Each structure stands twice: as structure tokens, then as C-alpha cells.
file my_file-v9.cif (mmCIF, N, CA and C atoms)
data_entry
loop_
_atom_site.label_atom_id
_atom_site.label_comp_id
_atom_site.auth_asym_id
_atom_site.auth_seq_id
_atom_site.Cartn_x
_atom_site.Cartn_y
_atom_site.Cartn_z
N GLN U 16 90.72 53.97 -148.37
CA GLN U 16 92.17 53.91 -148.24
C GLN U 16 92.58 54.63 -146.96
N VAL U 17 93.43 53.99 -146.16
CA VAL U 17 93.86 54.56 -144.90
C VAL U 17 95.01 55.53 -145.16
N GLN U 18 94.83 56.78 -144.75
CA GLN U 18 95.86 57.79 -144.96
C GLN U 18 95.92 58.77 -143.80
N LEU U 19 97.08 59.39 -143.64
CA LEU U 19 97.28 60.46 -142.68
C LEU U 19 97.88 61.65 -143.41
N ALA U 20 97.50 62.86 -143.01
CA ALA U 20 98.05 64.05 -143.64
C ALA U 20 98.26 65.13 -142.58
N GLU U 21 99.51 65.59 -142.46
CA GLU U 21 99.84 66.63 -141.49
C GLU U 21 99.68 68.02 -142.13
N SER U 22 99.39 68.98 -141.29
CA SER U 22 99.34 70.38 -141.73
C SER U 22 99.66 71.28 -140.54
N GLY U 23 99.99 72.52 -140.85
CA GLY U 23 100.19 73.51 -139.80
C GLY U 23 101.61 73.93 -139.53
N GLY U 24 102.57 73.34 -140.22
CA GLY U 24 103.96 73.72 -139.99
C GLY U 24 104.25 75.12 -140.52
N GLY U 25 105.43 75.62 -140.18
CA GLY U 25 105.83 76.93 -140.66
C GLY U 25 106.99 77.47 -139.87
N LEU U 26 107.25 78.76 -140.07
CA LEU U 26 108.34 79.45 -139.40
C LEU U 26 107.80 80.20 -138.19
N VAL U 27 108.44 80.03 -137.05
CA VAL U 27 108.00 80.71 -135.82
C VAL U 27 109.23 81.12 -135.03
N GLN U 28 109.12 82.22 -134.32
CA GLN U 28 110.24 82.70 -133.52
C GLN U 28 110.34 81.91 -132.21
N PRO U 29 111.53 81.83 -131.64
CA PRO U 29 111.67 81.16 -130.33
C PRO U 29 110.72 81.77 -129.32
N GLY U 30 110.09 80.91 -128.53
CA GLY U 30 109.10 81.36 -127.57
C GLY U 30 107.69 81.41 -128.12
N GLY U 31 107.56 81.24 -129.42
CA GLY U 31 106.25 81.31 -130.06
C GLY U 31 105.50 80.00 -130.00
N SER U 32 104.32 79.99 -130.61
CA SER U 32 103.44 78.81 -130.60
C SER U 32 103.05 78.44 -132.02
N LEU U 33 102.73 77.16 -132.17
CA LEU U 33 102.29 76.65 -133.47
C LEU U 33 101.41 75.44 -133.21
N GLY U 34 100.39 75.27 -134.04
CA GLY U 34 99.53 74.10 -133.91
C GLY U 34 99.61 73.24 -135.15
N LEU U 35 99.83 71.94 -134.95
CA LEU U 35 99.86 70.98 -136.04
C LEU U 35 98.60 70.13 -136.00
N SER U 36 98.18 69.66 -137.15
CA SER U 36 97.01 68.81 -137.24
C SER U 36 97.34 67.58 -138.08
N CYS U 37 96.86 66.42 -137.63
CA CYS U 37 97.03 65.17 -138.37
C CYS U 37 95.62 64.69 -138.74
N ALA U 38 95.29 64.78 -140.01
CA ALA U 38 93.96 64.40 -140.48
C ALA U 38 93.98 62.96 -140.98
N ALA U 39 93.04 62.18 -140.49
CA ALA U 39 92.96 60.77 -140.88
C ALA U 39 91.83 60.56 -141.87
N SER U 40 92.05 59.65 -142.79
CA SER U 40 91.00 59.21 -143.70
C SER U 40 91.03 57.70 -143.79
N GLY U 41 89.86 57.11 -143.90
CA GLY U 41 89.78 55.66 -143.99
C GLY U 41 89.64 54.94 -142.66
N PHE U 42 89.73 55.70 -141.56
CA PHE U 42 89.54 55.12 -140.24
C PHE U 42 89.22 56.24 -139.25
N SER U 43 88.72 55.87 -138.08
CA SER U 43 88.37 56.85 -137.05
C SER U 43 89.49 56.98 -136.04
N VAL U 44 89.90 58.23 -135.76
CA VAL U 44 91.04 58.45 -134.88
C VAL U 44 90.78 58.01 -133.45
N ASP U 45 89.52 57.84 -133.05
CA ASP U 45 89.26 57.44 -131.68
C ASP U 45 89.42 55.93 -131.48
N ARG U 46 89.65 55.19 -132.55
CA ARG U 46 89.77 53.74 -132.45
C ARG U 46 91.22 53.26 -132.55
N TYR U 47 92.15 54.18 -132.76
CA TYR U 47 93.55 53.82 -132.89
C TYR U 47 94.42 54.84 -132.16
N ALA U 48 95.62 54.43 -131.80
CA ALA U 48 96.58 55.38 -131.25
C ALA U 48 97.19 56.19 -132.39
N ILE U 49 97.39 57.48 -132.16
CA ILE U 49 98.04 58.36 -133.12
C ILE U 49 99.24 59.00 -132.44
N GLY U 50 100.38 58.89 -133.06
CA GLY U 50 101.59 59.48 -132.49
C GLY U 50 102.16 60.57 -133.37
N TRP U 51 102.84 61.51 -132.72
CA TRP U 51 103.59 62.55 -133.43
C TRP U 51 105.08 62.28 -133.24
N PHE U 52 105.80 62.41 -134.34
CA PHE U 52 107.24 62.21 -134.36
C PHE U 52 107.90 63.43 -135.01
N ARG U 53 109.18 63.54 -134.82
CA ARG U 53 109.92 64.59 -135.52
C ARG U 53 111.30 64.08 -135.90
N GLN U 54 111.80 64.65 -136.97
CA GLN U 54 113.13 64.29 -137.43
C GLN U 54 113.87 65.55 -137.85
N ALA U 55 114.89 65.88 -137.09
CA ALA U 55 115.73 67.02 -137.42
C ALA U 55 116.81 66.57 -138.40
N ALA U 56 117.37 67.52 -139.11
CA ALA U 56 118.38 67.22 -140.11
C ALA U 56 119.55 66.47 -139.47
N GLY U 57 119.90 65.34 -140.03
CA GLY U 57 121.03 64.57 -139.55
C GLY U 57 120.78 63.77 -138.28
N LYS U 58 119.55 63.76 -137.81
CA LYS U 58 119.22 63.04 -136.58
C LYS U 58 118.18 61.96 -136.84
N GLU U 59 118.10 61.04 -135.89
CA GLU U 59 117.12 59.98 -136.00
C GLU U 59 115.73 60.50 -135.64
N ARG U 60 114.73 59.87 -136.23
CA ARG U 60 113.35 60.22 -135.89
C ARG U 60 113.08 59.90 -134.43
N GLU U 61 112.35 60.77 -133.75
CA GLU U 61 112.04 60.54 -132.34
C GLU U 61 110.55 60.75 -132.07
N GLY U 62 110.02 59.98 -131.13
CA GLY U 62 108.64 60.12 -130.73
C GLY U 62 108.45 61.33 -129.84
N VAL U 63 107.49 62.17 -130.17
CA VAL U 63 107.22 63.40 -129.43
C VAL U 63 106.03 63.23 -128.49
N SER U 64 104.96 62.67 -129.02
CA SER U 64 103.75 62.53 -128.24
C SER U 64 102.87 61.47 -128.87
N CYS U 65 101.98 60.92 -128.08
CA CYS U 65 101.05 59.92 -128.59
C CYS U 65 99.77 59.95 -127.76
N ILE U 66 98.65 59.75 -128.42
CA ILE U 66 97.38 59.65 -127.72
C ILE U 66 96.78 58.29 -128.06
N ASP U 67 96.42 57.55 -127.03
CA ASP U 67 95.88 56.22 -127.22
C ASP U 67 94.44 56.28 -127.75
N ARG U 68 93.93 55.15 -128.22
CA ARG U 68 92.54 55.07 -128.64
C ARG U 68 91.66 55.44 -127.45
N ALA U 69 90.49 55.91 -127.75
CA ALA U 69 89.61 56.48 -126.72
C ALA U 69 89.33 55.48 -125.60
N SER U 70 89.21 54.20 -125.91
CA SER U 70 88.90 53.20 -124.90
C SER U 70 90.04 52.99 -123.90
N ASP U 71 91.27 53.35 -124.27
CA ASP U 71 92.42 53.19 -123.39
C ASP U 71 92.76 54.47 -122.64
N GLY U 72 92.68 55.60 -123.31
CA GLY U 72 92.81 56.90 -122.64
C GLY U 72 94.20 57.36 -122.27
N GLY U 73 95.24 56.71 -122.76
CA GLY U 73 96.59 57.09 -122.37
C GLY U 73 97.16 58.19 -123.25
N ILE U 74 98.10 58.96 -122.67
CA ILE U 74 98.81 60.01 -123.41
C ILE U 74 100.28 59.93 -123.03
N PHE U 75 101.13 60.10 -124.03
CA PHE U 75 102.58 60.08 -123.83
C PHE U 75 103.19 61.38 -124.35
N TYR U 76 104.17 61.88 -123.58
CA TYR U 76 104.98 63.02 -124.03
C TYR U 76 106.46 62.69 -123.81
N ALA U 77 107.28 63.02 -124.76
CA ALA U 77 108.72 62.94 -124.55
C ALA U 77 109.13 63.98 -123.50
N ASP U 78 110.16 63.68 -122.74
CA ASP U 78 110.60 64.61 -121.69
C ASP U 78 110.93 65.99 -122.25
N SER U 79 111.44 66.01 -123.47
CA SER U 79 111.87 67.28 -124.07
C SER U 79 110.72 68.23 -124.37
N VAL U 80 109.48 67.72 -124.38
CA VAL U 80 108.34 68.57 -124.74
C VAL U 80 107.30 68.66 -123.64
N LYS U 81 107.48 67.93 -122.54
CA LYS U 81 106.51 67.96 -121.45
C LYS U 81 106.33 69.39 -120.94
N GLY U 82 105.08 69.77 -120.75
CA GLY U 82 104.78 71.10 -120.25
C GLY U 82 104.70 72.16 -121.34
N ARG U 83 105.13 71.82 -122.55
CA ARG U 83 105.10 72.78 -123.65
C ARG U 83 104.16 72.33 -124.78
N PHE U 84 104.07 71.03 -125.01
CA PHE U 84 103.24 70.49 -126.09
C PHE U 84 102.00 69.83 -125.49
N THR U 85 100.89 69.93 -126.22
CA THR U 85 99.64 69.27 -125.80
C THR U 85 99.03 68.55 -127.00
N ILE U 86 98.75 67.27 -126.82
CA ILE U 86 98.12 66.48 -127.88
C ILE U 86 96.64 66.34 -127.56
N SER U 87 95.81 66.38 -128.60
CA SER U 87 94.37 66.24 -128.39
C SER U 87 93.73 65.61 -129.62
N ARG U 88 92.55 65.08 -129.42
CA ARG U 88 91.83 64.43 -130.51
C ARG U 88 90.53 65.17 -130.76
N ASP U 89 90.22 65.40 -132.02
CA ASP U 89 88.96 66.04 -132.41
C ASP U 89 88.18 65.02 -133.23
N ASN U 90 87.23 64.37 -132.60
CA ASN U 90 86.49 63.30 -133.29
C ASN U 90 85.63 63.86 -134.42
N ALA U 91 85.11 65.04 -134.26
CA ALA U 91 84.26 65.63 -135.30
C ALA U 91 85.05 65.87 -136.59
N LYS U 92 86.30 66.31 -136.44
CA LYS U 92 87.15 66.58 -137.61
C LYS U 92 87.96 65.35 -138.01
N ASN U 93 87.97 64.34 -137.14
CA ASN U 93 88.79 63.14 -137.34
C ASN U 93 90.28 63.50 -137.44
N THR U 94 90.70 64.34 -136.51
CA THR U 94 92.10 64.76 -136.47
C THR U 94 92.69 64.55 -135.08
N VAL U 95 94.02 64.48 -135.03
CA VAL U 95 94.77 64.55 -133.78
C VAL U 95 95.69 65.74 -133.89
N ASP U 96 95.56 66.66 -132.96
CA ASP U 96 96.27 67.93 -133.05
C ASP U 96 97.40 68.00 -132.02
N LEU U 97 98.43 68.76 -132.35
CA LEU U 97 99.56 68.96 -131.45
C LEU U 97 99.77 70.46 -131.29
N GLN U 98 99.44 70.98 -130.12
CA GLN U 98 99.66 72.39 -129.83
C GLN U 98 101.04 72.53 -129.21
N MET U 99 101.87 73.35 -129.83
CA MET U 99 103.25 73.52 -129.38
C MET U 99 103.46 74.94 -128.91
N ASN U 100 103.81 75.10 -127.64
CA ASN U 100 104.04 76.42 -127.04
C ASN U 100 105.49 76.54 -126.60
N ASN U 101 105.91 77.77 -126.39
CA ASN U 101 107.28 78.06 -125.93
C ASN U 101 108.30 77.30 -126.79
N LEU U 102 108.17 77.44 -128.09
CA LEU U 102 109.03 76.69 -129.00
C LEU U 102 110.48 77.14 -128.91
N LYS U 103 111.38 76.18 -129.09
CA LYS U 103 112.81 76.42 -129.02
C LYS U 103 113.45 76.04 -130.36
N PRO U 104 114.62 76.58 -130.65
CA PRO U 104 115.29 76.21 -131.91
C PRO U 104 115.49 74.70 -132.04
N ASP U 105 115.68 74.00 -130.92
CA ASP U 105 115.85 72.55 -130.95
C ASP U 105 114.58 71.81 -131.39
N ASP U 106 113.45 72.50 -131.43
CA ASP U 106 112.21 71.89 -131.90
C ASP U 106 112.12 71.88 -133.42
N THR U 107 113.06 72.53 -134.08
CA THR U 107 113.07 72.56 -135.55
C THR U 107 113.24 71.16 -136.11
N ALA U 108 112.30 70.76 -136.95
CA ALA U 108 112.31 69.41 -137.51
C ALA U 108 111.14 69.27 -138.47
N VAL U 109 111.15 68.16 -139.21
CA VAL U 109 109.95 67.74 -139.94
C VAL U 109 109.13 66.89 -138.98
N TYR U 110 107.87 67.23 -138.84
CA TYR U 110 106.98 66.53 -137.92
C TYR U 110 106.06 65.59 -138.70
N TYR U 111 105.95 64.37 -138.21
CA TYR U 111 105.14 63.35 -138.85
C TYR U 111 104.13 62.79 -137.85
N CYS U 112 103.02 62.28 -138.36
CA CYS U 112 102.12 61.50 -137.52
C CYS U 112 102.04 60.08 -138.08
N ALA U 113 101.74 59.17 -137.19
CA ALA U 113 101.66 57.75 -137.55
C ALA U 113 100.64 57.08 -136.64
N THR U 114 100.22 55.88 -137.03
CA THR U 114 99.18 55.21 -136.26
C THR U 114 99.41 53.72 -136.15
N ASP U 115 98.92 53.17 -135.05
CA ASP U 115 98.85 51.73 -134.84
C ASP U 115 97.90 51.48 -133.69
N ARG U 116 97.87 50.27 -133.17
CA ARG U 116 96.79 49.90 -132.24
C ARG U 116 96.90 50.57 -130.88
N ASP U 117 98.12 50.85 -130.39
CA ASP U 117 98.25 51.53 -129.10
C ASP U 117 99.58 52.29 -129.05
N CYS U 118 99.70 53.18 -128.09
CA CYS U 118 100.88 54.05 -128.03
C CYS U 118 102.15 53.26 -127.71
N ASP U 119 102.04 52.17 -127.02
CA ASP U 119 103.23 51.37 -126.74
C ASP U 119 103.85 50.88 -128.04
N VAL U 120 103.02 50.44 -128.96
CA VAL U 120 103.50 50.01 -130.27
C VAL U 120 104.00 51.20 -131.07
N VAL U 121 103.24 52.29 -131.09
CA VAL U 121 103.58 53.46 -131.90
C VAL U 121 104.92 54.04 -131.49
N ILE U 122 105.13 54.21 -130.19
CA ILE U 122 106.35 54.88 -129.73
C ILE U 122 107.55 53.94 -129.74
N LYS U 123 107.38 52.72 -129.26
CA LYS U 123 108.53 51.82 -129.11
C LYS U 123 108.92 51.12 -130.40
N HIS U 124 107.97 50.92 -131.32
CA HIS U 124 108.23 50.15 -132.53
C HIS U 124 107.95 50.97 -133.78
N TRP U 125 108.28 52.26 -133.73
CA TRP U 125 107.93 53.16 -134.83
C TRP U 125 108.58 52.73 -136.14
N ARG U 126 109.70 52.07 -136.08
CA ARG U 126 110.38 51.67 -137.32
C ARG U 126 109.54 50.70 -138.13
N TYR U 127 108.60 50.03 -137.51
CA TYR U 127 107.80 49.02 -138.19
C TYR U 127 106.41 49.52 -138.56
N LEU U 128 106.11 50.78 -138.26
CA LEU U 128 104.80 51.30 -138.57
C LEU U 128 104.65 51.47 -140.08
N ARG U 129 103.46 51.18 -140.58
CA ARG U 129 103.23 51.22 -142.02
C ARG U 129 102.51 52.48 -142.48
N ILE U 130 101.79 53.13 -141.57
CA ILE U 130 100.95 54.26 -141.98
C ILE U 130 101.53 55.55 -141.39
N TRP U 131 102.05 56.38 -142.27
CA TRP U 131 102.66 57.66 -141.91
C TRP U 131 102.10 58.77 -142.79
N GLY U 132 102.10 59.99 -142.26
CA GLY U 132 101.81 61.13 -143.09
C GLY U 132 103.07 61.54 -143.85
N GLN U 133 102.93 62.60 -144.66
CA GLN U 133 104.05 63.04 -145.51
C GLN U 133 104.99 63.98 -144.79
N GLY U 134 104.57 64.50 -143.63
CA GLY U 134 105.42 65.38 -142.83
C GLY U 134 105.14 66.86 -143.09
N THR U 135 105.39 67.66 -142.06
CA THR U 135 105.27 69.11 -142.17
C THR U 135 106.44 69.75 -141.42
N LEU U 136 107.05 70.77 -142.04
CA LEU U 136 108.27 71.36 -141.50
C LEU U 136 107.94 72.44 -140.47
N VAL U 137 108.58 72.33 -139.31
CA VAL U 137 108.51 73.36 -138.28
C VAL U 137 109.91 73.95 -138.14
N ASN U 138 110.02 75.26 -138.33
CA ASN U 138 111.30 75.95 -138.26
C ASN U 138 111.21 77.02 -137.19
N VAL U 139 111.96 76.82 -136.10
CA VAL U 139 111.96 77.78 -135.00
C VAL U 139 113.24 78.60 -135.10
N SER U 140 113.08 79.83 -135.49
CA SER U 140 114.25 80.65 -135.76
C SER U 140 113.89 82.12 -135.63
N SER U 141 114.88 82.92 -135.19
CA SER U 141 114.67 84.36 -135.12
C SER U 141 115.22 85.04 -136.37
#
call {"tool": "encode", "arguments": {"input": "my_file-v9.cif", "output": "C-alpha cells"}}
result
Amino acid sequence: QVQLAESGGGLVQPGGSLGLSCAASGFSVDRYAIGWFRQAAGKEREGVSCIDRASDGGIFYADSVKGRFTISRDNAKNTVDLQMNNLKPDDTAVYYCATDRDCDVVIKHWRYLRIWGQGTLVNVSS
């Protein structure tokens, strides 16, 4: 069964760091694009970052997180991780991961994606 599960959320002070992990089961993360999304209260879900399948090698970051967030893939653990540094209160949201064949599909057509994790809450607050 194909599944995704996020972990690593929590409470962090502004300027702090947090690492999220998206664990895949039923498929290999190096063969599909994996994207990270977030949804703040009362706002629409937005794409944060995406890493393409290994054969394509592309990486996407939203402008709001460039230079602060880093996405990476761990083939041994079958996870895609999101390292978040210099966190701001505006980063507070539920973070989700999702998958499809490439980042262009994941980021631009996220409303049609079928495979999502359950989400993990990131709260940036003093």
C-alpha cells in the first residue's frame, strides 16, 4: 500500500530550526517527485518545496523559503526531509508531503494529487 507519513513538527521560537521528515512506504522515493506543502489557518494550501525523482534531479523552492529551507532525499531511509532554518511566525502551518511523477505536476496540480500524508504541525512562536 502506497503511503506517506510526516514527522518532526513542533513548537519553535522565531529564528530557530526544525527538521521534518516524509517517510514513504509502498514505493521508492528516488523514483517519484516528493513535495512539501503547508496550510496555515484560514489560508489555502501552498507548495513549499519539491524534489524531483533521481533521474530528473530538479529541486523547487517557493520564494518565501528560499535560502532558509533545504529539501533532501535519504534513499536508505526512504524519506524526503525538509530542514527549516531561521523560522518565522509566518511559517506556522500544518505541513504535508505528497507525491506524483514530477515536481511540475506536484506543485502546479496539487489539488489533483491522490497520495498525501496526514500532516504535521509547525508552530513558530515566542
call {"tool": "resolve_selection", "arguments": {"input": "my_file-v9.cif", "expression": "the PyMOL selection byres ((chain U and resi 28) around 8)", "output": "ChimeraX atom specification"}}
result
/U:25-27,29-32,101-104,138-141
call {"tool": "closest_residue", "arguments": {"input": "my_file-v9.cif", "among": "U:Gly72, U:Gly24, U:Gly34, U:Gly57", "to": "Thr135 (chain U)", "atoms": "only N, CA and C atoms"}}
result
U:Gly24
call {"tool": "atom_distance", "arguments": {"input": "my_file-v9.cif", "atom1": "atom C of Tyr127 (chain U)", "atom2": "atom N of Gly50 (chain U)"}}
result
12.4 Å
call {"tool": "axis_aligned_box", "arguments": {"input": "my_file-v9.cif", "around": "region 84-101 of chain U", "padding_each_side": "4 Å", "output": "lines of an AutoDock Vina configuration file"}}
result
center_x = 96.3
center_y = 70.6
center_z = -131.5
size_x = 32.0
size_y = 22.9
size_z = 21.0
call {"tool": "closest_residue", "arguments": {"input": "my_file-v9.cif", "among": "U:Asn93, U:Ala55, U:Asp71, U:Ala77", "to": "Ser43 (chain U)", "atoms": "only N, CA and C atoms"}}
result
U:Asn93
call {"tool": "resolve_selection", "arguments": {"input": "my_file-v9.cif", "expression": "the PyMOL selection byres ((chain U and resi 95) around 6.5)", "output": "ChimeraX atom specification"}}
result
/U:35-39,86-89,93-94,96-97
call {"tool": "resolve_selection", "arguments": {"input": "my_file-v9.cif", "expression": "the PyMOL selection byres (((chain U and resi 123 and name CA) around 12) and name CA)", "output": "VMD selection string"}}
result
chain U and resid 50 52 60 to 65 75 115 117 to 122 124 to 128
call {"tool": "select_by_dssp", "arguments": {"input": "my_file-v9.cif", "residues": "chain U", "states": "strand (DSSP E)", "output": "ChimeraX atom specification"}}
result
/U:18-22,25-27,33-40,48-54,61-66,74-76,84-89,94-99,108-115,130-131,135-139
call {"tool": "select_by_dssp", "arguments": {"input": "my_file-v9.cif", "residues": "region 42-131 of chain U", "states": "alpha helix (DSSP H)", "output": "JSON, numbers by chain"}}
result
{"U": [118, 119, 120, 121, 122, 123]}
call {"tool": "write_last_selection", "arguments": {"input": "my_file-v9.cif", "atoms": "N, CA and C atoms", "output": "PDB file, in the frame of the given file"}}
result
ATOM      1  N   CYS U 118      99.700  53.180-128.090  1.00  0.00           N
ATOM      2  CA  CYS U 118     100.880  54.050-128.030  1.00  0.00           C
ATOM      3  C   CYS U 118     102.150  53.260-127.710  1.00  0.00           C
ATOM      4  N   ASP U 119     102.040  52.170-127.020  1.00  0.00           N
ATOM      5  CA  ASP U 119     103.230  51.370-126.740  1.00  0.00           C
ATOM      6  C   ASP U 119     103.850  50.880-128.040  1.00  0.00           C
ATOM      7  N   VAL U 120     103.020  50.440-128.960  1.00  0.00           N
ATOM      8  CA  VAL U 120     103.500  50.010-130.270  1.00  0.00           C
ATOM      9  C   VAL U 120     104.000  51.200-131.070  1.00  0.00           C
ATOM     10  N   VAL U 121     103.240  52.290-131.090  1.00  0.00           N
ATOM     11  CA  VAL U 121     103.580  53.460-131.900  1.00  0.00           C
ATOM     12  C   VAL U 121     104.920  54.040-131.490  1.00  0.00           C
ATOM     13  N   ILE U 122     105.130  54.210-130.190  1.00  0.00           N
ATOM     14  CA  ILE U 122     106.350  54.880-129.730  1.00  0.00           C
ATOM     15  C   ILE U 122     107.550  53.940-129.740  1.00  0.00           C
ATOM     16  N   LYS U 123     107.380  52.720-129.260  1.00  0.00           N
ATOM     17  CA  LYS U 123     108.530  51.820-129.110  1.00  0.00           C
ATOM     18  C   LYS U 123     108.920  51.120-130.400  1.00  0.00           C
TER      19      LYS U 123
END
call {"tool": "atom_distance", "arguments": {"input": "my_file-v9.cif", "atom1": "CA of Ser22 (chain U)", "atom2": "atom N of Tyr47 (chain U)"}}
result
19.9 Å
call {"tool": "residues_around", "arguments": {"input": "my_file-v9.cif", "residues": "Arg46 (chain U)", "least_positions_apart": "2", "cutoff": "5 Å", "atoms": "only N, CA and C atoms", "output": "NGL selection string"}}
result
:U and (43-44 or 48 or 68-69)
call {"tool": "atom_distance", "arguments": {"input": "my_file-v9.cif", "atom1": "atom C of Trp51 (chain U)", "atom2": "atom N of Gln16 (chain U)"}}
result
22.5 Å
call {"tool": "closest_residue", "arguments": {"input": "my_file-v9.cif", "among": "U:Ile74, U:Leu19, U:Ala91, U:Ala113", "to": "Ile49 (chain U)", "atoms": "only C-alpha atoms"}}
result
U:Ala113
call {"tool": "closest_residue", "arguments": {"input": "my_file-v9.cif", "among": "U:Gly132, U:Val137, U:Arg83, U:Ile66", "to": "Thr107 (chain U)", "atoms": "only N, CA and C atoms"}}
result
U:Val137
call {"tool": "closest_residue", "arguments": {"input": "my_file-v9.cif", "among": "U:Lys92, U:Gln98, U:Asp45, U:Val17", "to": "Asp67 (chain U)", "atoms": "only N, CA and C atoms"}}
result
U:Asp45
call {"tool": "residues_around", "arguments": {"input": "my_file-v9.cif", "residues": "Phe84 (chain U)", "least_positions_apart": "2", "cutoff": "6 Å", "atoms": "all atoms listed in the file", "output": "PyMOL selection string"}}
result
chain U and resi 80-82+86+98-100
